[in-house]
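**Q** Sharing final-v4.cif here; it has mmCIF, C-alpha atoms and all ligand atoms.
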```
data_coords
#
loop_
_atom_site.label_atom_id
_atom_site.label_comp_id
_atom_site.auth_asym_id
_atom_site.auth_seq_id
_atom_site.Cartn_x
_atom_site.Cartn_y
_atom_site.Cartn_z
CA MET A 2 74.58 101.83 96.00
CA THR A 3 75.78 98.31 95.15
CA ALA A 4 76.92 95.89 97.86
CA ILE A 5 80.48 96.14 96.61
CA LYS A 6 80.47 99.96 96.93
CA ALA A 7 79.47 99.62 100.54
CA ARG A 8 82.55 97.60 101.44
CA GLU A 9 84.54 99.30 104.16
CA VAL A 10 87.88 100.80 103.29
CA GLU A 11 90.44 101.17 106.06
CA VAL A 12 93.37 103.54 105.59
CA ARG A 13 96.47 103.43 107.77
CA GLU A 14 100.20 104.11 107.61
CA ALA A 15 102.12 101.46 105.69
CA LYS A 16 104.15 98.98 107.70
CA TYR A 17 107.49 97.74 106.41
CA GLU A 18 105.85 94.34 105.78
CA ASP A 19 103.34 96.00 103.43
CA LEU A 20 106.06 97.18 101.04
CA PRO A 21 106.23 94.07 98.81
CA THR A 22 102.46 94.35 98.25
CA VAL A 23 102.82 98.07 97.51
CA VAL A 24 105.52 97.30 94.93
CA MET A 25 103.28 94.63 93.38
CA ILE A 26 100.34 97.07 93.11
CA ASN A 27 102.60 99.76 91.63
CA ARG A 28 103.87 97.35 88.96
CA ALA A 29 100.36 96.11 88.21
CA VAL A 30 98.71 99.48 87.62
CA LEU A 31 101.37 102.05 86.68
CA PRO A 32 104.09 102.26 84.03
CA GLU A 33 106.20 104.32 86.44
CA ASN A 34 107.94 101.66 88.54
CA TYR A 35 110.75 102.00 91.02
CA PRO A 36 113.09 99.55 92.74
CA PHE A 37 112.12 98.17 96.14
CA SER A 38 114.84 100.31 97.72
CA PHE A 39 113.05 103.48 96.58
CA PHE A 40 109.83 102.48 98.36
CA GLU A 41 111.91 101.46 101.39
CA PHE A 42 113.63 104.87 101.39
CA ILE A 43 110.39 106.86 101.10
CA HIS A 44 108.83 104.72 103.82
CA LYS A 45 111.79 105.44 106.07
CA ILE A 46 111.89 109.21 105.55
CA SER A 47 108.15 109.83 105.21
CA PRO A 48 106.11 107.21 107.12
CA ARG A 49 103.32 109.66 107.97
CA TYR A 50 102.57 110.21 104.30
CA PHE A 51 102.98 106.64 103.12
CA LEU A 52 99.50 105.17 103.39
CA VAL A 53 97.86 101.89 102.47
CA ALA A 54 94.17 101.11 101.97
CA LEU A 55 92.70 97.80 103.06
CA VAL A 56 89.48 96.05 102.05
CA ASP A 57 88.57 92.97 104.07
CA GLY A 58 91.99 93.20 105.73
CA LYS A 59 93.87 93.03 102.41
CA VAL A 60 96.11 95.83 101.14
CA VAL A 61 94.60 96.94 97.81
CA GLY A 62 95.99 100.44 97.37
CA TYR A 63 98.74 102.83 98.44
CA LEU A 64 99.66 106.50 98.37
CA MET A 65 103.14 107.83 98.97
CA SER A 66 104.40 111.36 99.27
CA ILE A 67 107.19 113.41 100.76
CA ILE A 68 107.62 116.93 102.09
CA GLU A 69 109.95 118.67 99.66
CA ARG A 70 113.12 120.32 100.96
CA ARG A 71 114.74 123.56 99.86
CA GLY A 72 116.87 122.97 96.82
CA SER A 73 115.05 119.75 95.92
CA LEU A 74 115.52 118.73 92.30
CA MET A 75 112.13 117.02 92.32
CA ILE A 76 110.01 120.18 92.04
CA PRO A 77 109.32 120.57 88.30
CA ASP A 78 108.50 124.29 88.41
CA VAL A 79 110.61 127.30 89.33
CA SER A 80 107.88 129.29 91.07
CA LEU A 81 106.85 126.34 93.26
CA ALA A 82 110.53 125.70 94.07
CA GLN A 83 110.86 129.36 95.07
CA ARG A 84 107.92 129.06 97.44
CA VAL A 85 109.64 126.12 99.12
CA LYS A 86 112.89 128.07 99.24
CA ALA A 87 111.02 130.91 100.96
CA GLY A 88 109.92 128.52 103.70
CA GLU A 89 106.58 127.11 102.55
CA ARG A 90 105.93 123.44 103.17
CA ALA A 91 105.03 121.48 100.05
CA SER A 92 103.93 117.87 99.82
CA HIS A 93 104.84 116.03 96.62
CA LEU A 94 102.42 113.20 95.90
CA LEU A 95 104.80 110.70 94.32
CA SER A 96 102.58 107.72 93.59
CA LEU A 97 99.04 106.47 94.07
CA GLY A 98 97.67 103.13 92.96
CA VAL A 99 94.72 100.81 93.56
CA LEU A 100 94.43 97.20 92.36
CA LYS A 101 92.25 97.23 89.27
CA GLU A 102 89.64 94.83 90.70
CA TYR A 103 88.97 97.48 93.36
CA TRP A 104 88.65 100.57 91.13
CA GLY A 105 85.52 102.65 91.52
CA MET A 106 84.82 101.55 95.09
CA GLY A 107 86.12 104.67 96.78
CA VAL A 108 89.56 103.28 97.69
CA GLY A 109 91.50 106.05 95.92
CA SER A 110 89.21 108.66 97.49
CA ALA A 111 89.73 107.19 100.96
CA LEU A 112 93.52 107.42 100.50
CA MET A 113 93.30 111.02 99.26
CA ARG A 114 90.97 112.02 102.10
CA GLU A 115 93.34 110.71 104.80
CA TYR A 116 96.39 112.15 103.04
CA LEU A 117 94.84 115.64 102.84
CA ARG A 118 93.57 115.40 106.43
CA ARG A 119 97.14 114.77 107.56
CA LEU A 120 98.56 117.63 105.49
CA GLU A 121 96.03 120.04 106.95
CA GLU A 122 96.69 118.81 110.47
CA ASP A 123 100.42 119.37 109.90
CA GLY A 124 100.03 122.88 108.47
CA VAL A 125 101.41 122.01 105.05
CA ASP A 126 100.97 124.90 102.60
CA PHE A 127 100.32 123.10 99.34
CA SER A 128 100.37 119.73 97.64
CA PHE A 129 101.45 119.02 94.07
CA LEU A 130 101.67 116.05 91.74
CA GLU A 131 102.36 115.06 88.14
CA VAL A 132 99.82 113.04 86.15
CA ARG A 133 99.74 111.82 82.55
CA VAL A 134 97.50 114.09 80.44
CA SER A 135 95.69 110.95 79.22
CA ASN A 136 94.91 109.66 82.73
CA GLN A 137 91.33 110.92 82.94
CA ARG A 138 90.42 108.76 85.89
CA ALA A 139 93.24 110.09 88.07
CA ILE A 140 92.71 113.68 86.88
CA ARG A 141 89.01 113.38 87.81
CA LEU A 142 89.97 112.07 91.25
CA TYR A 143 92.46 114.88 91.90
CA SER A 144 90.03 117.53 90.63
CA LYS A 145 87.39 116.18 92.97
CA PHE A 146 89.79 116.85 95.83
CA GLY A 147 90.49 120.43 94.75
CA TYR A 148 93.64 120.09 92.63
CA THR A 149 93.85 122.30 89.55
CA VAL A 150 96.16 122.15 86.55
CA TYR A 151 99.07 124.52 87.18
CA LYS A 152 100.91 123.85 83.93
CA VAL A 153 101.72 121.24 81.29
CA ILE A 154 105.17 119.66 81.47
CA ARG A 155 106.12 118.64 77.95
CA ALA A 156 107.49 115.08 77.47
CA TYR A 157 107.67 114.52 81.23
CA TYR A 158 107.39 110.75 80.88
CA LEU A 159 110.00 108.44 79.33
CA ASP A 160 107.63 107.52 76.50
CA GLY A 161 107.25 111.21 75.61
CA GLU A 162 103.80 111.83 77.09
CA ASP A 163 103.13 115.23 78.67
CA ALA A 164 102.21 115.62 82.33
CA TYR A 165 99.90 118.01 84.08
CA LEU A 166 101.46 119.54 87.13
CA MET A 167 98.47 119.81 89.48
CA VAL A 168 98.46 121.86 92.67
CA LYS A 169 96.14 122.14 95.65
CA GLU A 170 96.53 125.07 98.04
CA LEU A 171 95.92 124.04 101.63
CA ARG A 172 96.03 127.34 103.47
CA GLY A 173 93.76 130.35 103.11
C1 LIG B 201 93.34 106.63 89.85
C2 LIG B 201 92.97 105.55 90.88
C3 LIG B 201 93.97 105.62 92.02
C4 LIG B 201 91.57 105.85 91.40
O1 LIG B 201 91.28 104.88 92.40
P1 LIG B 201 89.79 104.38 92.70
O2 LIG B 201 89.87 103.55 93.91
O3 LIG B 201 89.19 103.82 91.48
O4 LIG B 201 89.10 105.78 93.04
P2 LIG B 201 87.60 106.01 93.58
O5 LIG B 201 86.80 104.78 93.49
O6 LIG B 201 87.73 106.68 94.91
O7 LIG B 201 87.05 107.04 92.52
C5 LIG B 201 87.59 108.31 92.58
C6 LIG B 201 87.16 109.16 91.44
O8 LIG B 201 87.72 108.66 90.25
C7 LIG B 201 86.86 109.02 89.18
N1 LIG B 201 86.40 107.80 88.52
C8 LIG B 201 85.97 106.65 89.04
N2 LIG B 201 85.60 105.79 88.07
C9 LIG B 201 85.82 106.44 86.91
C10 LIG B 201 85.65 106.10 85.56
N3 LIG B 201 85.16 104.93 85.17
N4 LIG B 201 86.02 107.00 84.63
C11 LIG B 201 86.52 108.20 84.97
N5 LIG B 201 86.69 108.58 86.25
C12 LIG B 201 86.34 107.71 87.20
C13 LIG B 201 85.68 109.75 89.78
O9 LIG B 201 85.94 111.12 89.86
C14 LIG B 201 85.68 109.17 91.17
O10 LIG B 201 85.03 109.96 92.10
P3 LIG B 201 83.42 109.78 92.29
O11 LIG B 201 83.14 108.31 92.42
O12 LIG B 201 83.14 110.55 93.53
O13 LIG B 201 82.85 110.38 91.07
C15 LIG B 201 92.96 104.13 90.24
O14 LIG B 201 92.14 104.15 89.10
C16 LIG B 201 94.34 103.64 89.82
O15 LIG B 201 95.05 103.00 90.59
N6 LIG B 201 94.73 103.93 88.56
C17 LIG B 201 96.02 103.48 88.04
C18 LIG B 201 97.15 104.19 88.74
C19 LIG B 201 97.09 105.67 88.54
O16 LIG B 201 96.68 106.16 87.49
N7 LIG B 201 97.52 106.42 89.57
C20 LIG B 201 97.58 107.86 89.52
C21 LIG B 201 98.85 108.24 88.85
S1 LIG B 201 99.12 110.00 88.93
#
```
Show how you would write the structure in this file as structure tokens.
Ligand SMILES: CC(C)(COP(=O)(O)OP(=O)(O)OC[C@H]1O[C@@H](n2cnc3c(N)ncnc32)[C@H](O)[C@@H]1OP(=O)(O)O)[C@@H](O)C(=O)NCCC(=O)NCCS

**A**
Amino acid sequence: MTAIKAREVEVREAKYEDLPTVVMINRAVLPENYPFSFFEFIHKISPRYFLVALVDGKVVGYLMSIIERRGSLMIPDVSLAQRVKAGERASHLLSLGVLKEYWGMGVGSALMREYLRRLEEDGVDFSFLEVRVSNQRAIRLYSKFGYTVYKVIRAYYLDGEDAYLMVKELRG
């Protein structure tokens, strides 16, 4: 293990003051960007599932998700939407990003570990996410944490790329 791999990663809930850094990281590493007000809104409604990762006290990564409600238009699959309608609790992982200089050091894994720990503690039934079919690094990370490809969503992204809808069951 290299010295850099051994650096400690701290994961905690995002504070309001972290949001500008989160927006900066999102713009630096992902083509899917949102206005500040979107991050502010998600932080307000879902603070428990809006996490940041710190290395040497500096925010270098974030993960944000929400618990989907019945009738939500953000569930891109009828059968998953029906499960939510029937009363299951589903967490939608909306965005995950780590500053490029910190890739491969376990920061993304630390965020996923804490996120899934919280979902299990809260009795959430399943978690789902969309990922570009070309994003091997992210797909490898999600697979490592037990997500499997549920289906392909054709032309999900604005540039026409397909997405994998990946799901992880959290209960029995
Ligand atoms: C995806 C991302 C969050 C991973 O963060 P990270 O801090 O590098 O993740 P980790 O260091 O914990 O590595 C996690 C896993 O990624 C995979 N991975 C790491 N380096 C890799 C590489 N060079 N090639 C392919 N997969 C790799 C491995 O499965 C690794 O687990 P392992 O080390 O146990 O084998 C980060 O690369 C990122 O921000 N990418 C751009 C944004 C993005 O794609 N977000 C997801 C959108 S759905």

**Q** Check every protein, DNA and RNA residue against ligand LIG 201 (chain B), keep those with an atom at most 6 Å away (counting all atoms listed in the file), and present them as a count of residues only.

**A** 18

**Q** Rounded to one decimal in Å, what is the spacing between CA of Arg70 (chain A) and CA of Leu120 (chain A)?

**A**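 For CA of Arg70 (chain A) relative to CA of Leu120 (chain A), the distance reads 15.5 Å.
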
**Q** Write out as a Markdown table the residues of region 28-102 of chain A that have any atom within 12 Å of an atom of region 160-165 of chain A, one row each with the nearest atom pair and its distance in Å to one decimal, counting all atoms listed in the file, sorted by chain and then rising number.

**A**
```
| residue | atom | partner | partner_atom | distance |
| --- | --- | --- | --- | --- |
| A:Pro32 | CA | A:Asp160 | CA | 9.8 |
| A:Glu33 | CA | A:Asp160 | CA | 10.5 |
| A:Pro77 | CA | A:Ala164 | CA | 10.5 |
| A:Asp78 | CA | A:Tyr165 | CA | 11.5 |
```

**Q** For a quick check of understanding, using all atoms listed in the file, which of A:Leu100, A:Val10, A:Ser128, A:Asp57 has the smallest distance to Val23 (chain A)?

**A** A:Leu100

**Q** By how many Å are CA of Tyr17 (chain A) and CA of Lys101 (chain A) apart?

**A**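 According to the coordinates, CA of Tyr17 (chain A) and CA of Lys101 (chain A) are separated by 22.9 Å.
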
**Q** Here is a test: counting all atoms listed in the file, which residue of A:Glu18, A:Glu121, A:Glu69, A:Glu115 is nearest to Ile46 (chain A)?

**A**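 Selected residue with least distance to Ile46 (chain A): A:Glu69.
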
**Q** In Å, rounded to a single decimal, give me how far CA of Pro21 (chain A) is from CA of Leu55 (chain A).

**A**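 Separation of CA of Leu55 (chain A) and CA of Pro21 (chain A): 14.7 Å.
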
**Q** Using all atoms listed in the file, give me every residue within 12 Å of (102.5, 98.0, 108.5) in file coordinates, as an NGL selection string.

**A** :A and (12-23 or 44 or 48-49 or 51-55 or 58-60 or 63)

**Q** A:Leu81, A:Asp126, A:Tyr143, A:Met65: which is nearest Asn27 (chain A), counting only C-alpha atoms?

**A**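 Looking at the shortest contact to Asn27 (chain A), the residue is A:Met65.
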
**Q** Using all atoms listed in the file, which of the listed residues (A:Gly173, A:Ala156, A:Val61, A:Arg8) sits closest to Tyr103 (chain A)?

**A**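 Between A:Gly173, A:Ala156, A:Val61, A:Arg8, the residue approaching Tyr103 (chain A) most closely is A:Val61.
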
**Q** Identify the residues around (98.7, 116.4, 98.1) within a radius of 10 Å, measuring from all atoms listed in the file in the coordinates stated by the file, and give them as a ChimeraX atom specification.

**A** /A:50,64-68,91-95,113-114,116-121,125-130,143,146-148,167-171

**Q** With distances taken over all atoms listed in the file, which residue among A:Ile140, A:Leu74, A:Val85, A:Val24 lies nearest Phe39 (chain A)?

**A**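 Checking each of A:Ile140, A:Leu74, A:Val85, A:Val24 against Phe39 (chain A), counting all atoms listed in the file, the winner is A:Val24.
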
**Q** So which one's closest to Leu166 (chain A), A:Ile76, A:Met25, A:Ile43, A:Leu112? Using all atoms listed in the file, please.

**A**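 Among the listed residues, A:Ile76 lies closest to Leu166 (chain A).
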